[in-house]
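Have a look at entry15.pdb; it's PDB, C-alpha atoms:
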ATOM      1  CA  MET G   1      23.399  69.757 -10.177
ATOM      2  CA  ASP G   2      20.728  71.417 -12.285
ATOM      3  CA  TYR G   3      21.406  69.838 -15.683
ATOM      4  CA  SER G   4      18.479  71.729 -17.202
ATOM      5  CA  ALA G   5      20.623  74.875 -16.957
ATOM      6  CA  VAL G   6      23.707  73.297 -18.600
ATOM      7  CA  HIS G   7      24.059  74.162 -22.254
ATOM      8  CA  ILE G   8      26.789  73.476 -24.769
ATOM      9  CA  GLY G   9      27.455  76.585 -26.821
ATOM     10  CA  GLU G  10      30.018  77.750 -29.317
ATOM     11  CA  GLU G  11      32.302  79.007 -26.520
ATOM     12  CA  ASN G  12      32.411  75.486 -25.039
ATOM     13  CA  ILE G  13      33.234  73.943 -28.420
ATOM     14  CA  LEU G  14      35.967  76.516 -29.094
ATOM     15  CA  ALA G  15      37.428  75.812 -25.653
ATOM     16  CA  LEU G  16      37.425  72.052 -26.327
ATOM     17  CA  ARG G  17      39.173  72.598 -29.680
ATOM     18  CA  SER G  18      41.836  74.713 -27.956
ATOM     19  CA  PHE G  19      42.217  72.111 -25.223
ATOM     20  CA  LEU G  20      42.715  69.286 -27.728
ATOM     21  CA  LEU G  21      45.227  71.285 -29.764
ATOM     22  CA  GLU G  22      47.167  72.975 -26.960
ATOM     23  CA  GLY G  23      46.518  70.925 -23.821
ATOM     24  CA  PRO G  24      45.309  72.064 -20.398
ATOM     25  CA  GLU G  25      47.261  75.338 -20.619
ATOM     26  CA  ALA G  26      44.676  76.514 -23.163
ATOM     27  CA  TRP G  27      42.044  76.679 -20.430
ATOM     28  CA  VAL G  28      44.055  78.817 -17.984
ATOM     29  CA  PRO G  29      42.791  82.115 -19.478
ATOM     30  CA  LEU G  30      39.217  80.752 -19.371
ATOM     31  CA  GLN G  31      39.192  79.835 -15.674
ATOM     32  CA  ASP G  32      37.226  82.879 -14.511
ATOM     33  CA  GLU G  33      34.659  82.382 -17.279
ATOM     34  CA  MET G  34      34.370  78.644 -16.538
ATOM     35  CA  GLN G  35      33.818  79.181 -12.833
ATOM     36  CA  VAL G  36      30.988  81.732 -13.049
ATOM     37  CA  ASP G  37      28.575  79.123 -11.658
ATOM     38  CA  ASP G  38      28.188  75.360 -11.413
ATOM     39  CA  GLU G  39      26.163  75.095 -14.608
ATOM     40  CA  THR G  40      28.762  76.995 -16.674
ATOM     41  CA  ALA G  41      31.567  74.841 -15.274
ATOM     42  CA  ALA G  42      29.486  71.737 -15.941
ATOM     43  CA  GLY G  43      29.201  72.674 -19.624
ATOM     44  CA  TYR G  44      32.970  72.651 -20.030
ATOM     45  CA  MET G  45      33.531  69.595 -17.840
ATOM     46  CA  SER G  46      30.742  67.635 -19.552
ATOM     47  CA  LEU G  47      32.404  68.207 -22.915
ATOM     48  CA  LEU G  48      35.752  67.098 -21.489
ATOM     49  CA  PHE G  49      34.226  63.967 -19.929
ATOM     50  CA  CYS G  50      32.376  63.081 -23.126
ATOM     51  CA  ALA G  51      35.500  63.685 -25.240
ATOM     52  CA  PHE G  52      37.233  61.125 -23.023
ATOM     53  CA  GLU G  53      34.370  58.649 -23.466
ATOM     54  CA  VAL G  54      34.261  59.089 -27.257
ATOM     55  CA  ALA G  55      38.047  58.721 -27.566
ATOM     56  CA  VAL G  56      38.088  55.538 -25.455
ATOM     57  CA  ARG G  57      35.154  54.057 -27.381
ATOM     58  CA  ARG G  58      36.881  54.814 -30.673
ATOM     59  CA  LYS G  59      40.003  53.033 -29.416
ATOM     60  CA  PHE G  60      38.114  50.017 -28.095
ATOM     61  CA  ALA G  61      35.310  49.401 -30.543
ATOM     62  CA  GLN G  62      33.685  46.007 -30.047
ATOM     63  CA  PRO G  63      34.972  43.354 -29.830
ATOM     64  CA  TYR G  64      37.746  43.942 -27.316
ATOM     65  CA  PHE G  65      39.188  41.921 -24.449
ATOM     66  CA  VAL G  66      39.460  43.204 -20.890
ATOM     67  CA  GLY G  67      43.165  42.378 -21.097
ATOM     68  CA  GLN G  68      43.480  45.009 -23.824
ATOM     69  CA  LEU G  69      42.055  47.608 -21.452
ATOM     70  CA  VAL G  70      44.522  46.612 -18.737
ATOM     71  CA  ARG G  71      47.438  46.708 -21.198
ATOM     72  CA  PHE G  72      46.320  50.114 -22.475
ATOM     73  CA  VAL G  73      46.289  51.557 -18.937
ATOM     74  CA  ALA G  74      49.792  50.143 -18.384
ATOM     75  CA  ASP G  75      50.992  51.763 -21.620
ATOM     76  CA  VAL G  76      49.443  55.077 -20.602
ATOM     77  CA  ARG G  77      51.101  54.891 -17.186
ATOM     78  CA  ILE G  78      54.462  54.191 -18.827
ATOM     79  CA  ALA G  79      53.996  57.229 -21.059
ATOM     80  CA  ALA G  80      52.909  59.299 -18.060
ATOM     81  CA  SER G  81      55.944  58.285 -16.012
ATOM     82  CA  GLU G  82      58.148  59.614 -18.800
ATOM     83  CA  ASP G  83      56.512  62.985 -18.168
ATOM     84  CA  ALA G  84      56.768  62.514 -14.391
ATOM     85  CA  ILE G  85      52.978  62.486 -14.128
ATOM     86  CA  PRO G  86      51.615  59.798 -11.790
ATOM     87  CA  ILE G  87      48.417  58.106 -12.962
ATOM     88  CA  ASN G  88      46.503  56.016 -10.437
ATOM     89  CA  PRO G  89      46.113  52.616 -12.154
ATOM     90  CA  LEU G  90      42.814  51.738 -10.457
ATOM     91  CA  VAL G  91      41.283  55.118 -11.310
ATOM     92  CA  ALA G  92      42.469  54.946 -14.918
ATOM     93  CA  GLU G  93      41.341  51.361 -15.484
ATOM     94  CA  ASP G  94      37.972  52.009 -13.839
ATOM     95  CA  MET G  95      37.379  55.024 -16.091
ATOM     96  CA  VAL G  96      38.307  53.123 -19.247
ATOM     97  CA  ARG G  97      36.131  50.168 -18.240
ATOM     98  CA  ARG G  98      33.148  52.444 -17.564
ATOM     99  CA  ALA G  99      33.593  54.194 -20.910
ATOM    100  CA  VAL G 100      33.217  50.923 -22.825
ATOM    101  CA  ASP G 101      30.706  49.291 -20.426
ATOM    102  CA  ALA G 102      33.193  46.586 -19.435
ATOM    103  CA  PRO G 103      32.768  44.624 -16.194
ATOM    104  CA  PRO G 104      33.706  46.796 -13.193
ATOM    105  CA  LEU G 105      36.829  46.307 -11.129
ATOM    106  CA  LYS G 106      36.479  44.165  -8.026
ATOM    107  CA  GLU G 107      38.856  46.412  -6.065
ATOM    108  CA  ASN G 108      37.750  49.575  -4.317
ATOM    109  CA  VAL G 109      38.545  52.458  -6.616
ATOM    110  CA  PRO G 110      39.577  55.729  -4.949
ATOM    111  CA  GLU G 111      37.072  58.536  -5.487
ATOM    112  CA  ASP G 112      39.673  61.287  -5.613
ATOM    113  CA  PRO G 113      38.401  64.010  -7.999
ATOM    114  CA  SER G 114      41.927  65.252  -8.657
ATOM    115  CA  ALA G 115      43.203  61.765  -9.582
ATOM    116  CA  ILE G 116      40.142  61.186 -11.768
ATOM    117  CA  LEU G 117      40.531  64.480 -13.638
ATOM    118  CA  HIS G 118      44.277  63.968 -14.021
ATOM    119  CA  ALA G 119      43.833  60.470 -15.481
ATOM    120  CA  GLN G 120      40.967  61.615 -17.704
ATOM    121  CA  VAL G 121      42.938  64.518 -19.176
ATOM    122  CA  PHE G 122      46.119  62.511 -19.704
ATOM    123  CA  ILE G 123      44.304  59.577 -21.328
ATOM    124  CA  LEU G 124      42.244  61.887 -23.536
ATOM    125  CA  LEU G 125      45.300  63.759 -24.801
ATOM    126  CA  TYR G 126      47.190  60.464 -25.216
ATOM    127  CA  LEU G 127      44.379  59.061 -27.368
ATOM    128  CA  VAL G 128      43.997  62.245 -29.415
ATOM    129  CA  ALA G 129      47.744  62.221 -30.128
ATOM    130  CA  GLU G 130      47.512  58.527 -31.030
ATOM    131  CA  MET G 131      44.646  59.253 -33.463
ATOM    132  CA  ASP G 132      46.929  61.718 -35.293
ATOM    133  CA  LEU G 133      43.950  63.718 -36.541
ATOM    134  CA  ASP G 134      44.224  66.207 -39.380
ATOM    135  CA  ARG G 135      42.072  69.370 -39.231
ATOM    136  CA  ALA G 136      39.040  67.627 -40.770
ATOM    137  CA  GLY G 137      39.473  64.625 -38.458
ATOM    138  CA  LEU G 138      39.649  66.895 -35.430
ATOM    139  CA  GLU G 139      36.466  68.687 -36.488
ATOM    140  CA  GLN G 140      34.715  65.342 -36.997
ATOM    141  CA  PHE G 141      35.855  64.219 -33.527
ATOM    142  CA  ILE G 142      34.611  67.481 -31.970
ATOM    143  CA  ASP G 143      31.251  67.135 -33.763
ATOM    144  CA  GLU G 144      30.941  63.574 -32.457
ATOM    145  CA  VAL G 145      31.842  64.696 -28.921
ATOM    146  CA  THR G 146      29.376  67.594 -29.052
ATOM    147  CA  ALA G 147      26.525  65.337 -30.190
ATOM    148  CA  TYR G 148      27.380  62.735 -27.533
ATOM    149  CA  THR G 149      27.580  65.439 -24.846
ATOM    150  CA  LYS G 150      24.143  66.761 -25.748
ATOM    151  CA  GLU G 151      22.726  63.208 -25.526
ATOM    152  CA  TRP G 152      24.527  62.634 -22.217
ATOM    153  CA  LEU G 153      23.154  65.882 -20.761
ATOM    154  CA  ALA G 154      19.640  65.033 -21.988
ATOM    155  CA  ALA G 155      19.895  61.689 -20.166
ATOM    156  CA  ARG G 156      20.949  63.489 -16.946
ATOM    157  CA  ARG G 157      17.977  65.846 -17.299
ATOM    158  CA  THR G 158      15.624  62.882 -17.747
ATOM    159  CA  GLU G 159      17.094  61.170 -14.670
ATOM    160  CA  ALA G 160      16.706  64.376 -12.645
ATOM    161  CA  SER G 161      13.072  64.798 -13.768
ATOM    162  CA  ALA G 162      12.252  61.178 -12.940
ATOM    163  CA  SER G 163      13.780  61.384  -9.460
ATOM    164  CA  ALA G 164      12.112  64.757  -8.768
ATOM    165  CA  SER G 165       8.670  63.402  -9.646
ATOM    166  CA  SER G 166       9.007  60.309  -7.473
TER     167      SER G 166
END
Representation of the structure as structure tokens:
Amino acid sequence: MDYSAVHIGEENILALRSFLLEGPEAWVPLQDEMQVDDETAAGYMSLLFCAFEVAVRRKFAQPYFVGQLVRFVADVRIAASEDAIPINPLVAEDMVRRAVDAPPLKENVPEDPSAILHAQVFILLYLVAEMDLDRAGLEQFIDEVTAYTKEWLAARRTEASASASS
């Protein structure tokens, strides 16, 4: 992936706002635009990933116990089963642990992109609903996610430059 070509613009931020307010259905009309090339898709997906990370970190600010992470994943899975949406517990717990830099799972975690995206989206929307943000709170969250995404992308660019020069 060429992270130097990935940029977060106003269209990405508007799409994230729509996603957080309306859910995944909001992105259906944007699919053709999102899939123009890998870098364009990566802009949208990077924002989504970073929104997940920011939401999880807000929920589990230090100090937290690993047991709280496990309980949270169980609660999310219970909520998901009410909607008939299966969430892989290992995938979900691994993602939450990574977001807060907790010790990794000892089990082998499936690397199924569909299961990862499904868990990420459900947990993100679950946490956003739990935050019960007003308009100003949502804008603050989006600003925080945008700033974090730009930092995250800059780190990927630095990693790519370092590995290319070695």
Q. From the set G:Ala41, G:Met34, G:Leu47, G:Leu127, which residue has the shortest atom-to-atom contact distance to G:Trp152, counting only C-alpha atoms?
A.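 Nearest to G:Trp152: G:Leu47.
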Q: Using atom CA of G:Ala162 and atom CA of G:Lys150 as the two end points, give the distance in Å to one decimal.
A: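 Between these atoms lies a distance of 18.3 Å.
Closest approach to G:Val128 among G:Met45, G:Ala79, G:Val28, G:Val54: G:Val54, based on all atoms listed in the file.
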(Q) Can you tell me which residues surround G:Leu125 at a distance of at most 12 Å, considering only C-alpha atoms, apart from same-chain residues fewer than 5 positions away, and format the answer as a list of chain:residue names? (A)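 So, after excluding close chain neighbours, the residues are G:Leu16, G:Arg17, G:Ser18, G:Phe19, G:Leu20, G:Leu21, G:Glu22, G:Gly23, G:Pro24, G:Leu48, G:Ala51, G:Phe52, G:Ala55, G:Val56, G:Val76, G:Ala79, G:Ala80, G:His118, G:Ala119, G:Gln120, G:Glu130, G:Met131, G:Asp132, G:Leu133.
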Q: Run through the PyMOL selection byres ((chain G and resi 94-109) around 7) on the given coordinates and return the selected residues as a ChimeraX atom specification.
A: /G:53,56-57,90-93,110-111
Which residues, written as a compact mmCIF listing (two decimals) with C-alpha atoms, keeping the file's coordinate frame, have at least one atom at most 8 Å from G:Ala74, with only C-alpha atoms counted and residues fewer than 4 positions away on the same chain left out?
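Saved as out_34.txt:
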# COMPACT_ATOMS: atom_id res chain seq x y z
CA VAL G 70 44.52 46.61 -18.74
CA ILE G 78 54.46 54.19 -18.83
CA PRO G 89 46.11 52.62 -12.15
Q. So, counting only C-alpha atoms, which residue among G:Ile13, G:Val73, G:Ala5, G:Val36 is closest to G:Glu144?
A. G:Ile13
Q | Among the residues G:Tyr44, G:Tyr64, G:Phe49, G:Tyr3, the one that comes closest to G:Glu159 [using all atoms listed in the file] | A |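 Result for the nearest residue to G:Glu159: G:Tyr3.
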Q. Atom CA of G:Asp38 to atom CA of G:His7: how many Å, to one decimal?
A.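 Taking atom CA of G:Asp38 as the start and atom CA of G:His7 as the end point, the length is 11.7 Å.
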Q) Which value, in Å to one decimal, gives the distance between atom CA of G:Thr146 and atom CA of G:Gly9? A)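 Separating atom CA of G:Thr146 from atom CA of G:Gly9 is a distance of 9.5 Å.
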Q. In terms of the shortest atom-to-atom distance over all atoms listed in the file, which of G:Ser163, G:Tyr126, G:Cys50, G:Glu25 is closest to G:Glu151?
A.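 Looking only at the distances to G:Glu151, the closest residue turns out to be G:Cys50.
Proximity ranking of G:Leu153, G:Ile142, G:Val121, G:Ala160 relative to G:Ala15 places G:Ile142 first, based on only C-alpha atoms.
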